[in-house]
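Dropping my_file-v5.tsv in here (TSV, C-alpha atoms):
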```
chain	number	residue	atom	x	y	z
A	1	PRO	CA	12.60	3.92	19.82
A	2	GLN	CA	10.94	0.50	19.86
A	3	SER	CA	7.57	1.54	18.41
A	4	SER	CA	6.05	-0.34	15.52
A	5	VAL	CA	3.21	0.25	13.09
A	6	ILE	CA	1.68	-1.14	9.93
A	7	GLY	CA	-0.56	1.05	7.82
A	8	TRP	CA	-1.78	1.69	4.33
A	9	GLU	CA	-3.72	4.13	2.23
A	10	ILE	CA	-5.52	3.48	-1.03
A	11	LEU	CA	-6.29	6.20	-3.57
A	12	VAL	CA	-9.02	5.56	-6.15
A	13	LEU	CA	-9.35	8.12	-8.95
A	14	GLY	CA	-12.92	8.12	-10.24
A	15	ARG	CA	-15.63	5.49	-9.90
A	16	ARG	CA	-15.20	3.31	-12.97
A	17	ALA	CA	-17.58	0.59	-11.81
A	18	SER	CA	-20.31	3.24	-11.68
A	19	GLY	CA	-19.35	4.53	-15.12
A	20	GLU	CA	-17.80	7.68	-13.66
A	21	PRO	CA	-14.14	7.86	-14.67
A	22	LEU	CA	-12.15	10.80	-13.42
A	23	ARG	CA	-11.45	13.24	-16.25
A	24	THR	CA	-8.99	15.61	-14.56
A	25	ALA	CA	-7.38	15.74	-11.14
A	26	ASP	CA	-5.36	17.89	-8.82
A	27	PHE	CA	-4.57	15.74	-5.82
A	28	ARG	CA	-1.76	16.22	-3.32
A	29	SER	CA	-0.76	13.94	-0.52
A	30	GLU	CA	1.95	14.09	2.14
A	31	LEU	CA	2.92	11.29	4.48
A	32	ARG	CA	5.65	11.61	7.08
A	33	LEU	CA	6.53	8.85	9.50
A	34	TRP	CA	8.73	9.69	12.47
A	35	ARG	CA	10.12	7.53	15.24
A	36	ASP	CA	12.24	8.69	18.13
A	37	GLY	CA	12.78	12.12	16.58
A	38	ARG	CA	13.99	10.74	13.25
A	39	CYS	CA	12.09	10.91	9.97
A	40	LEU	CA	11.82	7.44	8.45
A	41	LEU	CA	9.62	8.45	5.51
A	42	ASP	CA	8.85	11.79	3.88
A	43	ASP	CA	6.59	10.97	0.95
A	44	ARG	CA	4.89	13.55	-1.25
A	45	ALA	CA	2.67	12.80	-4.21
A	46	TRP	CA	1.01	15.11	-6.68
A	47	VAL	CA	-1.40	13.91	-9.33
A	48	ARG	CA	-2.08	16.94	-11.48
A	49	GLY	CA	-4.04	17.51	-14.67
A	50	CYS	CA	-3.99	13.88	-15.72
A	51	GLU	CA	-6.14	12.99	-18.70
A	52	ALA	CA	-8.73	10.28	-18.09
A	53	GLY	CA	-7.68	10.31	-14.44
A	54	SER	CA	-4.89	7.79	-14.70
A	55	ALA	CA	-1.92	9.14	-16.66
A	56	ALA	CA	0.12	9.60	-13.51
A	57	LEU	CA	-0.52	5.98	-12.46
A	58	GLY	CA	0.50	4.13	-15.60
A	59	GLN	CA	-3.07	4.10	-16.95
A	60	ARG	CA	-4.32	2.58	-13.67
A	61	HIS	CA	-6.82	4.39	-11.46
A	62	VAL	CA	-5.99	2.78	-8.09
A	63	SER	CA	-2.78	3.46	-6.18
A	64	ALA	CA	-1.74	2.31	-2.71
A	65	THR	CA	1.06	2.87	-0.25
A	66	PHE	CA	1.75	0.39	2.56
A	67	TRP	CA	4.30	0.91	5.31
A	68	ALA	CA	5.68	-1.21	8.12
A	69	ILE	CA	7.94	0.13	10.85
A	70	ALA	CA	9.52	-2.56	12.99
A	71	PRO	CA	11.30	-2.38	16.35
A	72	THR	CA	14.16	-4.45	14.93
A	73	ALA	CA	15.86	-3.78	11.63
A	74	PHE	CA	14.64	-5.38	8.42
A	75	VAL	CA	17.16	-6.95	6.05
A	76	ALA	CA	17.19	-6.97	2.25
A	77	ASP	CA	15.78	-10.51	2.27
A	78	ASP	CA	12.64	-9.20	4.02
A	79	ALA	CA	11.90	-6.79	1.15
A	80	GLU	CA	12.64	-9.50	-1.43
A	81	ALA	CA	10.32	-11.95	0.34
A	82	ILE	CA	7.50	-9.40	0.44
A	83	ALA	CA	8.13	-8.55	-3.23
A	84	GLY	CA	7.70	-12.25	-4.09
A	85	LEU	CA	4.43	-12.43	-2.17
A	86	ILE	CA	3.24	-9.26	-3.91
A	87	ASP	CA	4.06	-10.77	-7.30
A	88	ASP	CA	2.03	-13.89	-6.46
A	89	ALA	CA	-0.92	-11.86	-5.10
A	90	SER	CA	-0.81	-9.49	-8.09
A	91	ARG	CA	-1.78	-12.09	-10.64
A	92	PRO	CA	-5.38	-12.00	-11.86
A	93	SER	CA	-7.64	-14.29	-9.84
A	94	ALA	CA	-10.59	-16.43	-10.92
A	95	ASP	CA	-12.87	-13.82	-9.28
A	96	GLU	CA	-11.13	-10.90	-11.01
A	97	PRO	CA	-9.59	-12.25	-14.23
A	98	PHE	CA	-8.99	-8.79	-15.71
A	99	HIS	CA	-7.70	-7.00	-12.61
A	100	ALA	CA	-3.98	-7.59	-12.35
A	101	THR	CA	-1.96	-5.25	-10.16
A	102	LEU	CA	1.65	-4.16	-10.19
A	103	GLY	CA	3.57	-3.74	-6.96
A	104	ALA	CA	7.00	-3.52	-5.40
A	105	ALA	CA	8.58	-3.56	-1.95
A	106	SER	CA	11.48	-1.38	-0.84
A	107	LEU	CA	13.54	-1.13	2.29
A	108	ILE	CA	13.84	2.64	2.66
A	109	ASP	CA	15.30	2.59	6.17
A	110	PRO	CA	16.55	-0.35	8.25
A	111	HIS	CA	13.32	-0.09	10.25
A	112	CYS	CA	10.88	0.94	7.47
A	113	LEU	CA	9.63	-1.25	4.66
A	114	LEU	CA	7.48	0.38	1.97
A	115	VAL	CA	5.16	-1.25	-0.58
A	116	ARG	CA	3.60	0.50	-3.58
A	117	VAL	CA	0.81	-1.00	-5.66
A	118	VAL	CA	-1.16	0.23	-8.68
A	119	GLY	CA	-4.09	-1.51	-10.32
A	120	ASP	CA	-7.49	-1.32	-11.96
A	121	SER	CA	-9.52	-2.63	-9.03
A	122	PRO	CA	-9.62	-1.39	-5.43
A	123	GLN	CA	-10.41	-4.95	-4.33
A	124	ALA	CA	-7.42	-6.41	-6.17
A	125	VAL	CA	-5.09	-3.76	-4.74
A	126	ARG	CA	-6.44	-4.38	-1.25
A	127	ARG	CA	-5.89	-8.13	-1.68
A	128	VAL	CA	-2.20	-7.43	-2.36
A	129	LEU	CA	-1.93	-5.17	0.70
A	130	GLU	CA	-3.60	-7.78	2.90
A	131	THR	CA	-1.03	-10.31	1.70
A	132	ALA	CA	1.83	-8.01	2.75
A	133	TRP	CA	0.06	-7.27	6.05
A	134	GLY	CA	-0.40	-10.99	6.75
A	135	ALA	CA	3.27	-11.71	6.19
A	136	LEU	CA	4.58	-8.73	8.18
A	137	ARG	CA	2.21	-8.50	11.16
A	138	PRO	CA	3.78	-11.33	13.18
A	139	ARG	CA	7.26	-9.86	12.61
A	140	VAL	CA	6.38	-6.20	13.20
A	141	VAL	CA	3.86	-6.26	16.07
A	142	GLN	CA	4.38	-9.81	17.38
A	143	ARG	CA	0.75	-10.78	16.81
A	144	ALA	CA	-0.82	-13.41	14.62
A	145	ALA	CA	-2.28	-12.20	11.34
A	146	HIS	CA	-5.97	-12.69	12.08
A	147	ARG	CA	-8.06	-10.48	9.82
A	148	PRO	CA	-10.07	-7.97	11.90
A	149	ARG	CA	-13.85	-8.47	11.85
A	150	ILE	CA	-14.30	-4.99	10.36
A	151	TRP	CA	-12.60	-6.18	7.16
A	152	PHE	CA	-15.56	-8.52	6.55
A	153	THR	CA	-18.19	-5.76	6.57
```
Could you quickly redo this structure as structure tokens?
Amino acid sequence: PQSSVIGWEILVLGRRASGEPLRTADFRSELRLWRDGRCLLDDRAWVRGCEAGSAALGQRHVSATFWAIAPTAFVADDAEAIAGLIDDASRPSADEPFHATLGAASLIDPHCLLVRVVGDSPQAVRRVLETAWGALRPRVVQRAAHRPRIWFT
């Protein structure tokens, strides 16, 4: 009942940087998060038959889902604060001036906060997820938000 976790998954349709856009797709994904015998998230996605590989993602080819399950309940202000950080991190950067992302944060259960992000660059989407992770890690797992060494490889 007191377990906690932070995780994310990133879906990239095609390899645009290599000049290989996805032309059609049939992709299904299911994610279920349970704690103490109770389902906190039952998420199902289906990207099917999209033209140019991005119709289902608002003409973007990168999609991400981020989740945080905390031992203590979140409040609406937590989701709003994360949404503000996502907005700031979603703006194009000097390194990636043409890679804006679009994201949102939702409180789907008192103990489960969900973030969705779409974009044109896997790196830009990951930057947004790392921002959410950095803000939530101290609250969710009571540890400082030091980026793991593996993220630098």
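With only C-alpha atoms as the atoms that count, the residue of A:Cys112, A:Thr131, A:His61, A:His146 with the shortest distance to Phe74 of chain A is A:Cys112.
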**Message:** One number please: atom CA of Gly119 of chain A to atom CA of Leu13 of chain A, in Å, one decimal.
**Reply:** 11.1 Å
**Asked** Closest to Pro110 of chain A among A:Arg16, A:Val75, A:Ala81, A:Gln142, using all atoms listed in the file?
**Response** A:Val75
**Item:** Point-to-point distance from atom CA of Ala64 of chain A to atom CA of Arg147 of chain A, Å rounded to tenths
**Value:** 19.0 Å
**Request:** Tell me which of A:Asp120, A:Val128, A:Ser4, A:Phe66 sits closest to Asp87 of chain A, counting only C-alpha atoms.
**Result:**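 Among the listed residues, A:Val128 lies closest to Asp87 of chain A.
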**Request:** Would you work out the distance separating atom CA of Pro148 of chain A from atom CA of Leu33 of chain A, expressed in Å to one decimal?
**Result:**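 Interatomic distance here is 23.8 Å.
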